Amino acid sequence: MLQLYTWTTPNGLKPLIMLEELGLAYETHWVHIGQGAQHAAAFLQVNPNAKIPALVDEGVRVFESGAILIHLAEKSGRYLPESGAARAEALGWLFFQVGGIGPMFGQLNHFLRASEQLPYAIERYRNEVERLYGVLEQRLSEVPYLAGEYGIADMASVGWVSLHQTFGIAEATIPNVRAWLERVGQRPAVQRARARRP
Ligand SMILES: N[C@@H](CCC(=O)N[C@@H](CS)C(=O)NCC(=O)O)C(=O)O
């Protein structure tokens, strides 16, 4: 059976959504990152970078959320076009999430919560987060889902993007992002994934 190592964070949500969408049997190992469980020797065998999520599929380890989503998409033949322009677009939006949204939103979240307030850092990451919301808003004014059809880029993005209030993004500036959040959030698999708890 698939072994998923995850936690209740936006990155941890991604493979939970995909596994629930696919209806695959999987066992969940909750890695309590607040208590440092990601540094345990056994977990480092699964992800040498000491971060969740990670997956083991019949002895094959897969770490990094984007790699996990691609692995499961290729295994199932679902949620990622097989070739051509549609696949290129889907991978573009997936990597936009893992290389852009994830790190930048994560940094803003960190500096907003830090005990020492660093205005320069907050301004730098807030500007970038606002810019990224602008890119999403433009894209989602053209298509219902990031890659056109619902797929792994949406699953990767919904966790962080739903935190727009935390980041102080004015709601009126992102009507299409909000409509997309509503569309994705209504999916039963997304609701099941969000309800998963240790
Ligand atoms: N690029 C990684 C990022 C994973 C990541 O940042 N995971 C966080 C939780 S959301 C984590 O494990 N943090 C624990 C730590 O940094 O010690 C991915 O997409 O899988």
# chains A, B, ... in the order shown; residues from 1 in each chain; ligands from 1
$ residues_around --residues "Arg87 (chain A)" --least-positions-apart "4" --cutoff "12 Å" --atoms "only C-alpha atoms" --output "JSON, numbers by chain"
{"A": [70, 73, 74, 78, 79, 80, 81, 82, 83, 91, 92, 93, 94, 147, 148, 149, 151, 152, 153]}
$ select_by_dssp --residues "region 123-191 of chain A" --states "strand (DSSP E or B)" --output "number ranges by chain"
A: 145, 147-149
$ write_last_selection --atoms "all heavy atoms" --output "PDB file, in the first residue's frame"
ATOM      1  N   TYR A 145      -9.652  26.588 -14.415  1.00  0.00           N
ATOM      2  CA  TYR A 145      -8.619  25.937 -13.601  1.00  0.00           C
ATOM      3  C   TYR A 145      -7.260  26.317 -14.174  1.00  0.00           C
ATOM      4  O   TYR A 145      -7.149  26.664 -15.352  1.00  0.00           O
ATOM      5  CB  TYR A 145      -8.808  24.413 -13.607  1.00  0.00           C
ATOM      6  CG  TYR A 145     -10.120  24.012 -12.973  1.00  0.00           C
ATOM      7  CD1 TYR A 145     -11.203  23.632 -13.770  1.00  0.00           C
ATOM      8  CD2 TYR A 145     -10.289  24.045 -11.589  1.00  0.00           C
ATOM      9  CE1 TYR A 145     -12.432  23.305 -13.197  1.00  0.00           C
ATOM     10  CE2 TYR A 145     -11.502  23.713 -11.004  1.00  0.00           C
ATOM     11  CZ  TYR A 145     -12.571  23.349 -11.810  1.00  0.00           C
ATOM     12  OH  TYR A 145     -13.775  23.038 -11.239  1.00  0.00           O
ATOM     13  N   ALA A 147      -4.582  24.947 -15.301  1.00  0.00           N
ATOM     14  CA  ALA A 147      -4.084  24.381 -16.563  1.00  0.00           C
ATOM     15  C   ALA A 147      -5.219  24.238 -17.585  1.00  0.00           C
ATOM     16  O   ALA A 147      -5.090  23.506 -18.550  1.00  0.00           O
ATOM     17  CB  ALA A 147      -3.438  23.032 -16.294  1.00  0.00           C
ATOM     18  N   GLY A 148      -6.310  24.924 -17.343  1.00  0.00           N
ATOM     19  CA  GLY A 148      -7.483  24.793 -18.219  1.00  0.00           C
ATOM     20  C   GLY A 148      -8.476  23.834 -17.605  1.00  0.00           C
ATOM     21  O   GLY A 148      -9.571  24.219 -17.221  1.00  0.00           O
ATOM     22  N   GLU A 149      -8.038  22.570 -17.480  1.00  0.00           N
ATOM     23  CA  GLU A 149      -8.854  21.567 -16.794  1.00  0.00           C
ATOM     24  C   GLU A 149      -8.301  21.342 -15.391  1.00  0.00           C
ATOM     25  O   GLU A 149      -7.101  21.506 -15.156  1.00  0.00           O
ATOM     26  CB  GLU A 149      -8.827  20.242 -17.564  1.00  0.00           C
ATOM     27  CG  GLU A 149      -9.483  20.385 -18.921  1.00  0.00           C
ATOM     28  CD  GLU A 149      -9.884  19.055 -19.527  1.00  0.00           C
ATOM     29  OE1 GLU A 149      -9.516  18.005 -18.974  1.00  0.00           O
ATOM     30  OE2 GLU A 149     -10.555  19.102 -20.560  1.00  0.00           O
TER      31      GLU A 149
END
$ closest_residue --among "A:Asp154, A:Asp57, A:Glu27, A:Glu64" --to "ligand 1" --atoms "only C-alpha atoms and all ligand atoms"
A:Glu64
$ closest_residue --among "A:Leu69, A:Ala40, A:Val31, A:Leu19" --to "Pro198 (chain A)" --atoms "only C-alpha atoms"
A:Val31
$ closest_residue --among "A:Ser157, A:Thr28, A:Asn127, A:Ser76" --to "ligand 1" --atoms "only C-alpha atoms and all ligand atoms"
A:Ser157
$ closest_atom_pairs --of "chain A" --to "ligand 1" --cutoff "9 Å" --atoms "only C-alpha atoms and all ligand atoms" --output "CSV"
residue,atom,partner,partner_atom_place_in_ligand_line,distance
A:Thr6,CA,ligand 1,12 (O),8.1
A:Trp7,CA,ligand 1,9 (C),7.1
A:Thr8,CA,ligand 1,10 (S),7.9
A:Thr9,CA,ligand 1,10 (S),4.9
A:Pro10,CA,ligand 1,10 (S),5.7
A:Asn11,CA,ligand 1,10 (S),4.4
A:Gly12,CA,ligand 1,10 (S),6.0
A:Leu13,CA,ligand 1,10 (S),8.7
A:Lys14,CA,ligand 1,19 (O),8.9
A:Val31,CA,ligand 1,12 (O),8.5
A:His32,CA,ligand 1,14 (C),8.9
A:Ile33,CA,ligand 1,14 (C),5.3
A:Gly34,CA,ligand 1,14 (C),7.6
A:Gly36,CA,ligand 1,17 (O),6.9
A:Ala37,CA,ligand 1,17 (O),8.7
A:Gln38,CA,ligand 1,17 (O),6.4
A:His39,CA,ligand 1,17 (O),7.6
A:Asn49,CA,ligand 1,12 (O),8.6
A:Ala50,CA,ligand 1,17 (O),6.3
A:Lys51,CA,ligand 1,12 (O),3.2
A:Ile52,CA,ligand 1,12 (O),4.0
A:Pro53,CA,ligand 1,20 (O),5.4
A:Ala54,CA,ligand 1,20 (O),7.4
A:Phe63,CA,ligand 1,20 (O),6.6
A:Glu64,CA,ligand 1,20 (O),3.5
A:Ser65,CA,ligand 1,20 (O),3.8
A:Gly66,CA,ligand 1,19 (O),6.0
A:Ala67,CA,ligand 1,20 (O),8.1
A:Ile68,CA,ligand 1,20 (O),8.3
A:Gln97,CA,ligand 1,19 (O),8.6
A:Val98,CA,ligand 1,19 (O),5.5
A:Gly99,CA,ligand 1,1 (N),7.7
A:Gly102,CA,ligand 1,19 (O),7.0
A:Pro103,CA,ligand 1,1 (N),7.6
A:Gly106,CA,ligand 1,6 (O),7.8
A:Ala156,CA,ligand 1,19 (O),8.7
$ atom_distance --atom1 "CA of Leu4 (chain A)" --atom2 "CA of Tyr150 (chain A)"
22.6 Å
$ select_by_dssp --residues "region 17-191 of chain A" --states "alpha helix (DSSP H)" --output "PyMOL selection string"
chain A and resi 17-22+41-44+65-76+84-96+102-113+119-140+152-161+175-185+188-191
$ write_last_selection --atoms "C-alpha atoms" --output "compact mmCIF listing (two decimals), in the first residue's frame"
# COMPACT_ATOMS: atom_id res chain seq x y z
CA ILE A 17 -6.02 15.84 -2.16
CA MET A 18 -4.52 13.80 -5.00
CA LEU A 19 -4.85 10.50 -3.14
CA GLU A 20 -8.45 11.30 -2.23
CA GLU A 21 -9.23 12.31 -5.83
CA LEU A 22 -7.79 9.04 -7.10
CA ALA A 41 16.74 9.04 11.04
CA ALA A 42 13.97 6.81 9.69
CA PHE A 43 12.23 9.75 8.01
CA LEU A 44 15.49 10.98 6.45
CA SER A 65 5.32 17.65 -3.35
CA GLY A 66 5.53 18.34 -7.09
CA ALA A 67 7.33 15.07 -7.71
CA ILE A 68 4.71 13.21 -5.68
CA LEU A 69 1.85 14.75 -7.67
CA ILE A 70 3.54 13.90 -10.99
CA HIS A 71 4.31 10.36 -9.77
CA LEU A 72 0.68 9.75 -8.82
CA ALA A 73 -0.61 11.37 -12.01
CA GLU A 74 1.61 9.13 -14.14
CA LYS A 75 0.74 6.07 -12.08
CA SER A 76 -2.99 6.67 -12.53
CA GLY A 84 1.97 18.21 -25.91
CA ALA A 85 0.89 21.75 -25.14
CA ALA A 86 -1.62 20.68 -22.48
CA ARG A 87 1.10 18.85 -20.49
CA ALA A 88 3.53 21.77 -20.85
CA GLU A 89 0.90 24.17 -19.53
CA ALA A 90 -0.01 21.89 -16.61
CA LEU A 91 3.65 21.46 -15.63
CA GLY A 92 4.22 25.21 -15.98
CA TRP A 93 1.49 25.97 -13.44
CA LEU A 94 2.64 23.16 -11.16
CA PHE A 95 6.19 24.53 -11.08
CA PHE A 96 4.82 28.07 -10.69
CA GLY A 102 5.12 27.88 -2.07
CA PRO A 103 8.41 29.59 -1.18
CA MET A 104 7.16 33.18 -1.38
CA PHE A 105 3.92 32.64 0.54
CA GLY A 106 5.89 30.57 3.04
CA GLN A 107 8.39 33.40 3.61
CA LEU A 108 5.64 36.01 4.04
CA ASN A 109 3.85 33.71 6.46
CA HIS A 110 7.09 33.29 8.43
CA PHE A 111 7.83 37.02 8.68
CA LEU A 112 4.23 37.91 9.54
CA ARG A 113 4.36 35.47 12.47
CA PRO A 119 9.32 45.66 7.90
CA TYR A 120 11.78 45.26 5.01
CA ALA A 121 11.25 41.49 4.85
CA ILE A 122 7.48 41.80 5.18
CA GLU A 123 7.31 44.41 2.43
CA ARG A 124 9.57 42.41 0.13
CA TYR A 125 7.52 39.22 0.42
CA ARG A 126 4.12 40.96 0.54
CA ASN A 127 4.93 42.69 -2.77
CA GLU A 128 5.87 39.38 -4.33
CA VAL A 129 2.83 37.59 -2.91
CA GLU A 130 0.57 40.35 -4.24
CA ARG A 131 2.23 40.04 -7.63
CA LEU A 132 1.68 36.27 -7.63
CA TYR A 133 -2.00 36.75 -6.74
CA GLY A 134 -2.15 39.11 -9.73
CA VAL A 135 -0.77 36.39 -12.02
CA LEU A 136 -3.33 33.91 -10.68
CA GLU A 137 -6.17 36.43 -11.00
CA GLN A 138 -5.32 37.11 -14.65
CA ARG A 139 -5.03 33.42 -15.47
CA LEU A 140 -8.27 32.49 -13.70
CA ILE A 152 -2.39 18.71 -10.10
CA ALA A 153 -1.54 22.43 -10.39
CA ASP A 154 -4.85 23.27 -8.70
CA MET A 155 -4.28 20.63 -6.02
CA ALA A 156 -0.82 22.06 -5.36
CA SER A 157 -2.02 25.66 -5.14
CA VAL A 158 -5.29 25.64 -3.25
CA GLY A 159 -3.76 25.33 0.24
CA TRP A 160 -1.54 28.40 0.17
CA VAL A 161 -3.83 30.49 -2.06
CA PRO A 175 -12.73 37.80 -7.67
CA ASN A 176 -11.63 35.08 -10.06
CA VAL A 177 -9.21 33.56 -7.56
CA ARG A 178 -12.02 33.47 -4.99
CA ALA A 179 -14.40 31.82 -7.46
CA TRP A 180 -11.72 29.21 -8.21
CA LEU A 181 -11.15 28.61 -4.47
CA GLU A 182 -14.88 28.03 -4.16
CA ARG A 183 -14.92 25.63 -7.14
CA VAL A 184 -11.96 23.62 -5.92
CA GLY A 185 -13.08 23.75 -2.30
CA PRO A 188 -15.58 16.15 -2.11
CA ALA A 189 -11.99 14.91 -2.34
CA VAL A 190 -10.65 18.31 -1.33
CA GLN A 191 -13.05 18.41 1.60
$ atom_distance --atom1 "CA of Met1 (chain A)" --atom2 "CA of Tyr26 (chain A)"
5.7 Å
$ atom_distance --atom1 "CA of Pro15 (chain A)" --atom2 "CA of Leu55 (chain A)"
8.6 Å
$ decode --residues "region 72-196 of chain A" --atoms "C-alpha atoms" --output "CSV table (one decimal), in the first residue's frame"
chain,number,residue,atom,x,y,z
A,72,LEU,CA,0.7,9.7,-8.8
A,73,ALA,CA,-0.6,11.4,-12.0
A,74,GLU,CA,1.6,9.1,-14.1
A,75,LYS,CA,0.7,6.1,-12.1
A,76,SER,CA,-3.0,6.7,-12.5
A,77,GLY,CA,-3.0,8.4,-15.9
A,78,ARG,CA,-5.2,11.2,-14.4
A,79,TYR,CA,-5.0,14.9,-13.6
A,80,LEU,CA,-1.9,15.6,-15.9
A,81,PRO,CA,-2.2,15.5,-19.7
A,82,GLU,CA,0.1,12.9,-21.2
A,83,SER,CA,1.8,15.1,-23.8
A,84,GLY,CA,2.0,18.2,-25.9
A,85,ALA,CA,0.9,21.7,-25.1
A,86,ALA,CA,-1.6,20.7,-22.5
A,87,ARG,CA,1.1,18.8,-20.5
A,88,ALA,CA,3.5,21.8,-20.9
A,89,GLU,CA,0.9,24.2,-19.5
A,90,ALA,CA,0.0,21.9,-16.6
A,91,LEU,CA,3.6,21.5,-15.6
A,92,GLY,CA,4.2,25.2,-16.0
A,93,TRP,CA,1.5,26.0,-13.4
A,94,LEU,CA,2.6,23.2,-11.2
A,95,PHE,CA,6.2,24.5,-11.1
A,96,PHE,CA,4.8,28.1,-10.7
A,97,GLN,CA,3.4,26.8,-7.4
A,98,VAL,CA,6.4,24.8,-6.1
A,99,GLY,CA,8.9,27.4,-7.2
A,100,GLY,CA,6.9,30.6,-6.7
A,101,ILE,CA,3.8,30.4,-4.6
A,102,GLY,CA,5.1,27.9,-2.1
A,103,PRO,CA,8.4,29.6,-1.2
A,104,MET,CA,7.2,33.2,-1.4
A,105,PHE,CA,3.9,32.6,0.5
A,106,GLY,CA,5.9,30.6,3.0
A,107,GLN,CA,8.4,33.4,3.6
A,108,LEU,CA,5.6,36.0,4.0
A,109,ASN,CA,3.9,33.7,6.5
A,110,HIS,CA,7.1,33.3,8.4
A,111,PHE,CA,7.8,37.0,8.7
A,112,LEU,CA,4.2,37.9,9.5
A,113,ARG,CA,4.4,35.5,12.5
A,114,ALA,CA,7.9,36.2,13.6
A,115,SER,CA,8.3,37.7,17.1
A,116,GLU,CA,10.7,40.3,15.7
A,117,GLN,CA,8.9,42.4,13.1
A,118,LEU,CA,11.1,43.1,10.1
A,119,PRO,CA,9.3,45.7,7.9
A,120,TYR,CA,11.8,45.3,5.0
A,121,ALA,CA,11.3,41.5,4.9
A,122,ILE,CA,7.5,41.8,5.2
A,123,GLU,CA,7.3,44.4,2.4
A,124,ARG,CA,9.6,42.4,0.1
A,125,TYR,CA,7.5,39.2,0.4
A,126,ARG,CA,4.1,41.0,0.5
A,127,ASN,CA,4.9,42.7,-2.8
A,128,GLU,CA,5.9,39.4,-4.3
A,129,VAL,CA,2.8,37.6,-2.9
A,130,GLU,CA,0.6,40.4,-4.2
A,131,ARG,CA,2.2,40.0,-7.6
A,132,LEU,CA,1.7,36.3,-7.6
A,133,TYR,CA,-2.0,36.7,-6.7
A,134,GLY,CA,-2.2,39.1,-9.7
A,135,VAL,CA,-0.8,36.4,-12.0
A,136,LEU,CA,-3.3,33.9,-10.7
A,137,GLU,CA,-6.2,36.4,-11.0
A,138,GLN,CA,-5.3,37.1,-14.6
A,139,ARG,CA,-5.0,33.4,-15.5
A,140,LEU,CA,-8.3,32.5,-13.7
A,141,SER,CA,-10.1,35.3,-15.5
A,142,GLU,CA,-9.4,33.3,-18.7
A,143,VAL,CA,-9.8,29.7,-17.6
A,144,PRO,CA,-11.7,27.9,-14.8
A,145,TYR,CA,-8.6,25.9,-13.6
A,146,LEU,CA,-4.9,26.8,-13.8
A,147,ALA,CA,-4.1,24.4,-16.6
A,148,GLY,CA,-7.5,24.8,-18.2
A,149,GLU,CA,-8.9,21.6,-16.8
A,150,TYR,CA,-8.8,20.6,-13.1
A,151,GLY,CA,-5.5,18.9,-12.2
A,152,ILE,CA,-2.4,18.7,-10.1
A,153,ALA,CA,-1.5,22.4,-10.4
A,154,ASP,CA,-4.9,23.3,-8.7
A,155,MET,CA,-4.3,20.6,-6.0
A,156,ALA,CA,-0.8,22.1,-5.4
A,157,SER,CA,-2.0,25.7,-5.1
A,158,VAL,CA,-5.3,25.6,-3.2
A,159,GLY,CA,-3.8,25.3,0.2
A,160,TRP,CA,-1.5,28.4,0.2
A,161,VAL,CA,-3.8,30.5,-2.1
A,162,SER,CA,-6.8,30.1,0.3
A,163,LEU,CA,-4.8,32.0,2.9
A,164,HIS,CA,-5.4,35.4,1.2
A,165,GLN,CA,-6.9,37.0,4.3
A,166,THR,CA,-3.7,36.1,6.3
A,167,PHE,CA,-1.7,37.9,3.7
A,168,GLY,CA,-4.0,40.9,3.7
A,169,ILE,CA,-4.9,40.6,0.0
A,170,ALA,CA,-7.9,42.8,-0.7
A,171,GLU,CA,-10.8,40.5,-1.7
A,172,ALA,CA,-12.1,42.9,-4.3
A,173,THR,CA,-8.9,42.5,-6.3
A,174,ILE,CA,-9.1,38.7,-6.7
A,175,PRO,CA,-12.7,37.8,-7.7
A,176,ASN,CA,-11.6,35.1,-10.1
A,177,VAL,CA,-9.2,33.6,-7.6
A,178,ARG,CA,-12.0,33.5,-5.0
A,179,ALA,CA,-14.4,31.8,-7.5
A,180,TRP,CA,-11.7,29.2,-8.2
A,181,LEU,CA,-11.1,28.6,-4.5
A,182,GLU,CA,-14.9,28.0,-4.2
A,183,ARG,CA,-14.9,25.6,-7.1
A,184,VAL,CA,-12.0,23.6,-5.9
A,185,GLY,CA,-13.1,23.8,-2.3
A,186,GLN,CA,-16.4,22.2,-3.2
A,187,ARG,CA,-14.9,19.1,-4.5
A,188,PRO,CA,-15.6,16.1,-2.1
A,189,ALA,CA,-12.0,14.9,-2.3
A,190,VAL,CA,-10.6,18.3,-1.3
A,191,GLN,CA,-13.1,18.4,1.6
A,192,ARG,CA,-12.0,14.9,2.7
A,193,ALA,CA,-8.3,15.8,2.4
A,194,ARG,CA,-8.9,19.0,4.5
A,195,ALA,CA,-10.7,17.1,7.1
A,196,ARG,CA,-7.8,14.6,7.6
